[in-house]
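**Student:** Structure file coords-v6.txt, compact mmCIF, C-alpha atoms, is pasted below:
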```txt
# COMPACT_ATOMS: atom_id res chain seq x y z
CA MET A 18 102.34 40.46 53.62
CA ILE A 19 100.20 37.42 54.38
CA GLY A 20 100.42 34.55 51.85
CA SER A 21 97.52 33.76 49.53
CA GLY A 22 96.76 30.36 51.12
CA ILE A 23 96.30 31.88 54.56
CA LYS A 24 94.23 34.68 53.04
CA ARG A 25 91.87 32.19 51.47
CA GLY A 26 91.51 30.39 54.76
CA THR A 27 90.74 33.55 56.68
CA ALA A 28 88.33 34.97 54.11
CA GLU A 29 85.23 33.34 55.57
CA LEU A 30 86.21 34.42 59.06
CA ALA A 31 86.76 37.99 57.83
CA ILE A 32 83.36 38.17 56.14
CA LEU A 33 81.50 36.65 59.09
CA SER A 34 83.31 39.00 61.49
CA VAL A 35 82.47 42.22 59.66
CA LEU A 36 78.88 41.11 59.19
CA GLU A 37 78.62 40.45 62.91
CA GLU A 38 79.10 44.19 63.44
CA SER A 39 76.41 45.27 60.98
CA PRO A 40 74.71 44.26 57.73
CA LEU A 41 76.76 45.39 54.70
CA HIS A 42 76.65 45.27 50.92
CA GLY A 43 79.52 43.77 48.94
CA TYR A 44 81.54 46.90 48.24
CA GLU A 45 81.24 48.18 51.84
CA MET A 46 82.29 44.77 53.08
CA ALA A 47 85.44 44.75 50.95
CA ARG A 48 86.33 48.29 52.08
CA ARG A 49 85.68 47.51 55.74
CA ILE A 50 87.85 44.38 55.66
CA GLU A 51 90.65 46.24 53.89
CA GLN A 52 90.55 49.11 56.37
CA GLN A 53 90.32 46.95 59.47
CA THR A 54 93.20 44.70 58.38
CA LYS A 55 95.26 47.71 57.20
CA GLY A 56 95.34 46.34 53.66
CA ALA A 57 96.55 42.85 54.57
CA LEU A 58 93.27 41.35 53.38
CA ARG A 59 92.00 42.79 50.14
CA PHE A 60 88.92 41.47 48.37
CA THR A 61 88.47 42.14 44.68
CA LEU A 62 85.06 41.72 43.10
CA ALA A 63 86.19 38.42 41.57
CA ALA A 64 87.23 37.03 44.96
CA LEU A 65 84.35 38.40 47.01
CA TYR A 66 81.13 37.46 45.24
CA PRO A 67 81.69 33.74 44.58
CA MET A 68 82.53 33.49 48.29
CA LEU A 69 79.44 35.45 49.36
CA TYR A 70 77.21 33.30 47.16
CA ARG A 71 78.75 30.12 48.54
CA MET A 72 78.29 31.31 52.12
CA GLU A 73 74.70 32.24 51.33
CA GLN A 74 74.10 28.76 49.90
CA ARG A 75 75.43 27.30 53.13
CA GLY A 76 73.00 29.46 55.07
CA TRP A 77 75.61 31.46 56.99
CA ILE A 78 74.59 34.81 55.53
CA ARG A 79 71.44 36.13 53.88
CA GLY A 80 71.21 38.82 51.22
CA SER A 81 68.28 41.13 50.65
CA TRP A 82 67.76 44.00 48.21
CA GLU A 83 67.73 47.53 49.51
CA THR A 84 67.49 50.85 47.74
CA SER A 85 69.91 53.54 48.88
CA ASP A 86 69.11 57.27 49.17
CA ASN A 87 70.45 57.90 45.67
CA GLY A 88 68.10 55.23 44.28
CA ARG A 89 70.78 52.62 43.69
CA LYS A 90 69.72 49.01 44.25
CA ARG A 91 72.16 47.10 46.42
CA ARG A 92 72.16 43.68 47.99
CA CYS A 93 72.76 43.86 51.70
CA TYR A 94 74.09 40.83 53.56
CA ARG A 95 73.50 39.97 57.19
CA LEU A 96 74.60 37.14 59.42
CA THR A 97 72.09 34.32 60.01
CA PRO A 98 71.83 32.40 63.29
CA SER A 99 73.70 29.57 61.54
CA GLY A 100 76.48 32.03 60.56
CA LYS A 101 76.72 33.23 64.16
CA ARG A 102 77.09 29.64 65.32
CA LYS A 103 79.80 29.08 62.69
CA LEU A 104 81.74 32.17 63.74
CA LEU A 105 82.52 30.99 67.27
CA PRO A 106 84.39 27.76 66.43
CA LEU A 107 86.09 29.49 63.46
CA ARG A 108 87.46 32.19 65.75
CA LYS A 109 88.61 29.57 68.21
CA GLU A 110 90.37 27.54 65.49
CA TRP A 111 92.22 30.57 64.15
CA ALA A 112 93.13 31.80 67.65
CA GLU A 113 94.60 28.38 68.38
CA LEU A 114 96.51 28.35 65.10
CA PHE A 115 97.99 31.81 65.62
CA GLY A 116 98.73 31.01 69.28
CA ALA A 117 100.58 27.89 68.17
CA LEU A 118 102.53 29.82 65.54
CA ARG A 119 103.45 32.48 68.09
CA ARG A 120 104.73 29.88 70.50
CA LEU A 121 106.62 28.16 67.69
CA THR A 122 108.35 31.31 66.52
CA LYS A 123 109.30 32.20 70.13
CA VAL A 124 110.91 28.77 70.54
CA SER A 125 112.76 29.19 67.24
CA HIS A 126 114.13 32.57 68.29
CA ALA A 127 115.24 31.32 71.73
CA MET B 10 80.52 56.98 32.58
CA PRO B 11 80.12 53.45 31.19
CA ASP B 12 76.86 51.54 31.29
CA TRP B 13 77.97 49.18 34.05
CA ARG B 14 74.93 46.99 33.85
CA GLU B 15 75.42 46.42 30.12
CA LEU B 16 79.13 45.77 30.54
CA VAL B 17 78.51 43.13 33.21
CA ARG B 18 75.64 41.65 31.20
CA GLN B 19 77.91 41.18 28.18
CA ARG B 20 80.69 39.60 30.20
CA LEU B 21 78.42 37.25 32.13
CA SER B 22 76.18 36.40 29.18
CA GLY B 23 77.02 32.71 29.48
CA LEU B 24 76.09 32.47 33.15
CA ALA B 25 73.76 29.48 33.26
CA LEU B 26 71.39 30.59 36.02
CA ASP B 27 67.69 31.22 35.67
CA ALA B 28 66.81 34.66 34.30
CA GLU B 29 65.90 36.26 37.62
CA GLU B 30 68.95 34.97 39.45
CA LYS B 31 71.24 35.99 36.59
CA ASP B 32 69.70 39.44 36.54
CA GLU B 33 70.30 39.84 40.29
CA VAL B 34 73.97 38.86 39.94
CA GLN B 35 74.42 41.35 37.10
CA VAL B 36 72.78 44.20 39.04
CA GLU B 37 74.85 43.42 42.13
CA LEU B 38 78.21 43.24 40.32
CA ALA B 39 77.41 46.34 38.25
CA ALA B 40 76.64 48.28 41.46
CA HIS B 41 79.96 47.13 42.93
CA LEU B 42 81.91 48.25 39.85
CA GLU B 43 80.08 51.56 39.71
CA GLU B 44 80.82 52.28 43.35
CA SER B 45 84.49 51.31 42.92
CA TYR B 46 84.78 53.63 39.93
CA GLU B 47 83.14 56.54 41.77
CA VAL B 48 85.47 56.11 44.76
CA PHE B 49 88.54 56.03 42.49
CA CYS B 50 87.33 59.22 40.80
CA LYS B 51 86.71 60.90 44.18
CA GLU B 52 90.25 59.93 45.19
CA GLY B 53 91.42 62.03 42.26
CA LEU B 54 92.29 59.41 39.67
CA PRO B 55 91.80 60.41 36.03
CA GLU B 56 88.79 58.75 34.38
CA ARG B 57 90.86 56.35 32.30
CA GLU B 58 92.93 55.24 35.28
CA ALA B 59 89.80 54.87 37.42
CA LEU B 60 88.26 52.65 34.75
CA HIS B 61 91.42 50.57 34.51
CA ARG B 62 91.60 50.12 38.29
CA THR B 63 87.92 49.20 38.42
CA PHE B 64 88.22 46.50 35.78
CA GLU B 65 91.47 45.26 37.26
CA GLN B 66 89.31 43.61 39.90
CA VAL B 67 88.32 40.90 37.45
CA ALA B 68 91.23 39.36 35.56
CA ASP B 69 89.18 36.62 33.91
CA TRP B 70 85.44 37.05 33.46
CA ARG B 71 84.98 33.54 32.16
CA ASP B 72 86.57 32.17 35.32
CA LEU B 73 84.41 34.46 37.48
CA GLN B 74 81.32 33.27 35.62
CA ARG B 75 82.27 29.66 36.30
CA ARG B 76 82.98 30.33 39.98
CA ILE B 77 79.69 32.19 40.46
CA PHE B 78 77.82 29.34 38.84
CA ILE B 79 79.59 26.78 41.03
CA ALA B 80 78.99 28.88 44.16
CA LYS B 81 75.29 29.31 43.36
CA ARG B 82 74.94 25.63 42.58
CA SER B 83 77.42 24.39 45.14
CA VAL B 84 75.32 21.50 46.32
CA HIS B 85 77.46 18.59 45.18
CA PRO B 86 80.34 18.10 42.68
CA MET B 87 78.29 15.34 41.05
CA GLN B 88 75.56 17.82 40.24
CA LYS B 89 78.13 20.08 38.57
CA ARG B 90 79.41 17.16 36.47
CA MET B 91 75.85 16.29 35.61
CA HIS B 92 75.17 19.77 34.18
CA GLN B 93 78.53 20.22 32.48
CA LEU B 94 79.13 16.76 31.03
CA TRP B 95 76.45 14.09 31.38
CA ILE B 96 73.39 16.09 30.33
CA PRO B 97 75.11 17.82 27.36
CA GLY B 98 76.76 14.52 26.42
CA PHE B 99 73.54 12.52 26.44
CA LEU B 100 71.72 15.29 24.56
CA THR B 101 74.45 15.24 21.88
CA MET B 102 74.15 11.46 21.65
CA THR B 103 70.35 11.61 21.40
CA LEU B 104 70.52 14.31 18.74
CA SER B 105 73.08 12.44 16.63
CA THR B 106 71.07 9.20 16.93
CA VAL B 107 67.84 10.96 15.93
CA PHE B 108 69.67 12.44 12.91
CA LEU B 109 70.91 9.01 11.90
CA MET B 110 67.50 7.38 12.26
CA THR B 111 65.80 10.19 10.37
CA LEU B 112 68.28 9.95 7.51
CA GLN B 113 67.78 6.20 7.33
CA LYS B 114 64.00 6.67 7.28
CA LEU B 115 64.35 9.22 4.49
CA GLY B 116 66.24 6.66 2.46
CA PHE B 117 69.78 8.00 2.74
CA ASN B 118 71.93 4.92 2.80
CA ALA B 119 75.47 4.47 3.99
CA ARG B 120 78.20 4.01 1.36
CA MET B 121 80.75 1.26 1.61
CA VAL B 122 84.23 2.54 0.87
CA SER B 123 87.00 0.04 0.22
CA TRP B 124 90.18 0.65 2.12
CA ARG B 125 93.09 -1.80 2.43
CA ASP B 126 91.08 -4.87 1.47
CA SER B 127 88.24 -4.03 3.79
CA ASP B 128 84.97 -2.18 3.43
CA ILE B 129 84.33 0.78 5.67
CA LEU B 130 80.84 2.12 6.25
CA PHE B 131 80.75 5.79 5.30
CA TYR B 132 77.59 7.75 6.09
CA LEU B 133 78.19 11.14 4.51
CA PRO B 134 74.85 12.95 5.25
CA TRP B 135 75.10 11.87 8.90
CA LEU B 136 78.75 12.88 9.11
CA LEU B 137 77.84 16.33 7.78
CA SER B 138 75.27 16.73 10.57
CA LEU B 139 77.71 15.77 13.33
CA PRO B 140 79.57 19.10 13.65
CA PHE B 141 76.20 20.66 14.53
CA CYS B 142 75.55 17.96 17.13
CA GLY B 143 79.04 18.48 18.60
CA ALA B 144 78.51 22.23 18.63
CA PHE B 145 75.17 21.75 20.41
CA GLY B 146 76.74 19.64 23.17
CA ALA B 147 79.64 22.06 23.56
CA TYR B 148 77.26 25.01 23.79
CA ILE B 149 75.15 23.40 26.54
CA SER B 150 78.30 22.47 28.47
CA SER B 151 79.79 25.96 28.03
CA ARG B 152 76.63 27.57 29.33
CA ALA B 153 76.81 25.36 32.41
CA GLY B 154 80.32 26.68 33.04
CA GLY B 155 82.22 23.65 31.73
CA SER B 156 85.98 23.90 31.39
CA ARG B 157 87.59 23.49 27.94
CA GLY B 158 88.19 19.77 28.53
CA THR B 159 84.63 19.15 29.71
CA VAL B 160 83.15 21.13 26.81
CA LEU B 161 85.11 19.08 24.27
CA LEU B 162 84.29 15.81 26.05
CA ALA B 163 80.58 16.69 25.93
CA SER B 164 80.85 17.38 22.19
CA VAL B 165 82.42 13.97 21.39
CA PHE B 166 80.35 12.09 23.97
CA PRO B 167 78.46 9.90 21.40
CA VAL B 168 81.69 8.35 20.11
CA LEU B 169 83.00 7.86 23.65
CA ALA B 170 79.84 5.92 24.48
CA LEU B 171 80.21 3.91 21.27
CA THR B 172 83.87 3.18 22.06
CA ALA B 173 82.86 1.92 25.48
CA ALA B 174 80.22 -0.28 23.83
CA PHE B 175 82.81 -1.67 21.37
CA LEU B 176 85.27 -2.38 24.15
CA LEU B 177 82.56 -4.13 26.15
CA MET B 178 82.30 -6.67 23.35
CA PHE B 179 85.36 -8.52 24.69
CA PRO B 180 84.11 -9.16 28.25
CA ILE B 181 80.59 -9.84 26.95
CA ASP B 182 82.00 -12.42 24.55
CA LEU B 183 83.91 -13.99 27.41
CA VAL B 184 80.64 -14.38 29.31
CA ILE B 185 78.62 -15.56 26.32
CA GLU B 186 81.16 -18.20 25.24
CA PRO B 187 80.78 -20.55 28.24
CA ILE B 188 77.01 -19.99 28.49
CA PHE B 189 76.17 -20.80 24.88
CA ASN B 190 79.15 -23.05 24.38
CA ARG B 191 80.06 -21.21 21.20
CA PRO B 192 83.73 -20.29 20.75
CA VAL B 193 84.37 -16.69 19.74
CA ASP B 194 87.21 -15.86 17.41
CA PHE B 195 88.68 -12.76 19.03
CA SER B 196 90.68 -11.88 15.94
CA ILE B 197 87.37 -11.45 14.09
CA VAL B 198 86.06 -9.27 16.91
CA ALA B 199 89.25 -7.19 16.93
CA THR B 200 89.15 -6.75 13.15
CA ALA B 201 85.49 -5.74 13.33
CA ILE B 202 86.28 -3.20 16.03
CA LEU B 203 89.16 -1.72 14.05
CA LYS B 204 87.20 -1.65 10.81
CA ASP B 205 83.98 -0.26 12.28
CA GLY B 206 85.98 1.98 14.57
CA ILE B 207 87.07 4.09 11.61
CA GLY B 208 83.56 4.55 10.20
CA TRP B 209 81.69 4.80 13.49
CA ILE B 210 84.22 6.29 15.91
CA LEU B 211 87.24 8.02 14.37
CA ILE B 212 85.60 9.96 11.54
CA PRO B 213 82.38 10.82 13.47
CA GLY B 214 84.54 11.76 16.47
CA ALA B 215 86.52 14.18 14.32
CA ALA B 216 83.29 15.65 12.90
CA LEU B 217 81.83 16.13 16.39
CA LEU B 218 85.08 17.65 17.63
CA VAL B 219 85.05 20.21 14.80
CA GLY B 220 81.70 21.51 16.08
CA GLY B 221 82.89 21.44 19.71
CA LEU B 222 86.09 23.31 18.90
CA LEU B 223 84.20 25.89 16.87
CA VAL B 224 81.84 26.68 19.76
CA HIS B 225 84.71 26.76 22.23
CA PHE B 226 86.65 29.09 19.93
CA LEU B 227 83.65 31.40 19.44
CA PHE B 228 82.90 31.54 23.19
CA SER B 229 86.54 32.33 24.04
CA ARG B 230 86.78 34.92 21.27
CA ARG B 231 83.57 36.65 22.31
CA LEU B 232 84.79 36.96 25.89
CA SER B 233 88.22 38.19 24.74
CA SER B 234 86.69 40.83 22.49
CA HIS B 235 84.48 42.07 25.35
CA GLU B 236 87.58 42.33 27.52
CA ALA B 237 89.53 44.12 24.77
CA ALA B 238 86.70 46.63 24.35
CA ILE B 239 87.21 47.72 27.93
CA GLY B 240 90.99 47.94 27.92
```
Could you show the structure in this file as structure tokens?
**Tutor:**
Amino acid sequence: MIGSGIKRGTAELAILSVLEESPLHGYEMARRIEQQTKGALRFTLAALYPMLYRMEQRGWIRGSWETSDNGRKRRCYRLTPSGKRKLLPLRKEWAELFGALRRLTKVSHA
Amino acid sequence: MPDWRELVRQRLSGLALDAEEKDEVQVELAAHLEESYEVFCKEGLPEREALHRTFEQVADWRDLQRRIFIAKRSVHPMQKRMHQLWIPGFLTMTLSTVFLMTLQKLGFNARMVSWRDSDILFYLPWLLSLPFCGAFGAYISSRAGGSRGTVLLASVFPVLALTAAFLLMFPIDLVIEPIFNRPVDFSIVATAILKDGIGWILIPGAALLVGGLLVHFLFSRRLSSHEAAIG
């Protein structure tokens, strides 16, 4: 199980990554992240929405209201050009971090 | 099935956003809860368990309310402090000053009460109005998502400002003394601060705090009862 500190740090990357695939509303986003990470990252409502609103304030994502087939109003989020630009260095940073950790653990085991 | 919109509306009633923005947050969170509940039911959970699992997603609605407010207004920490402390604090101070001036205009005079060989100014009608002023400041701060400490600080803000003014008397005297060449007896200043401190700071501070604590208690209790209604 991944620790809570790391989870917090990866949350923005997770949201930006799933939104890169397609626009999603909050619940779908949480489900998608949970499925794709095999339950390692799990967003509750309380964790997800303050983060989405903060990312929207920063201009990385944009929400718009849509009405589903069953008439339910839902807010759908999509990545903005600024969010796309943010995603690249974030991915690089995390890849470097995990690469470094991998190398470190290999050295420790040797 | 519960009225999700109403449940979220009750729990986020203190969310200090404009009406339209607040409404959007409530609709969005209600839709999320409704969808979670439906999925739990489809997975075969009994209704009660599905409800429990749905509401498990939010352990503390007051905290969520605060975090949503901060996220929506996450421009600068100073702005947050401005809404949660400075504005409510200055409004409380203005209100208490207006009360005092009005009472003086209406002819309500302060009473001098003798205590340990000194006279203390005791302004009963004004003191009676202070819990309302404290409650007002605490309410404004609570609505802006202030923490318990900030809410109580906002409620006693007028006496904090007065304390700062009293304490400034020492350095001001130090500046005035060489300029006007008039020696200041600091023991007189200290006695005046202690004496006036009781009538103008300690007792009014307690009266303001009563109002602040009452509002804080009512806000916490209302949120707890909403949470209990669900469990």
**Student:** Interatomic distance between atom CA of Val67 of chain B and atom CA of Tyr66 of chain A?
**Tutor:**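 These atoms are spaced 11.1 Å apart.
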**Student:** Up to 9 Å from chain B, what residues of chain A turn up? Count all atoms listed in the file and give them as a PyMOL selection string.
**Tutor:** chain A and resi 42-44+60-64+66-75+89-92
**Student:** Quick one: residues within 12 Å of Ile78 of chain A, only C-alpha atoms counted, chain neighbours fewer than 4 positions away excluded, as a PyMOL selection string?
**Tutor:** chain A and resi 29+32-37+39-42+68-74+92-104
**Student:** If you count only C-alpha atoms, which residues fall within 12 Å of segment 149-160 of chain B, apart from same-chain ones fewer than 4 positions away, as a PyMOL selection string?
**Tutor:** chain B and resi 21-27+70-82+88-101+142-145+164-166+217-218+220-229
**Student:** Which residue gives the smallest distance to Leu104 of chain B among B:Asn118, B:Asn190, B:Ser123, B:Ser138, with all atoms listed in the file counted?
**Tutor:**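 Once distances to Leu104 of chain B are computed over all atoms listed in the file, the minimum belongs to B:Ser138.
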**Student:** Measure the distance from atom CA of Ala174 of chain B to atom CA of Leu162 of chain B in Å and round it to one decimal.
**Tutor:** 16.7 Å
**Student:** What is the distance between atom CA of Trp82 of chain A and atom CA of Glu15 of chain B, in Å to one decimal?
**Tutor:**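 For atom CA of Trp82 of chain A relative to atom CA of Glu15 of chain B, the distance reads 19.8 Å.
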**Student:** Which polymer residues, protein or nucleic acid, are no farther than 8 Å from (88.8, -0.1, 10.7), counting all atoms listed in the file, as a PyMOL selection string?
**Tutor:** chain B and resi 127+129+200-208
**Student:** If we count all atoms listed in the file and set the cut-off at 8 Å, which residues sit around Trp209 of chain B, ignoring sequence neighbours fewer than 3 positions away in its own chain? Please answer as a list in words.
**Tutor:** Leu130, Val168, Leu171, Asp205, Gly206, Ile212 and Pro213 of chain B
**Student:** Considering all atoms listed in the file, can you say which of B:Glu186, B:Gly214, B:Leu109, B:Gln35 comes closest to Arg14 of chain B?
**Tutor:**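 Selected residue with least distance to Arg14 of chain B: B:Gln35.
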**Student:** Please enclose the listed atoms of segment 151-169 of chain B in an axis-aligned box, pad each side by 3 Å, and write out the centre and the three edge lengths in Å, rounded to one decimal, as AutoDock Vina command-line options.
**Tutor:**
```
--center_x 82.4 --center_y 17.7 --center_z 26.6 --size_x 17.6 --size_y 25.7 --size_z 18.9
```
**Student:** Do a neighbour search on Phe49 of chain B at 10 Å with only C-alpha atoms, toss out local chain neighbours closer than 6 positions, and write the hits as a ChimeraX atom specification.
**Tutor:** /B:43,55-56,58-60,62-63
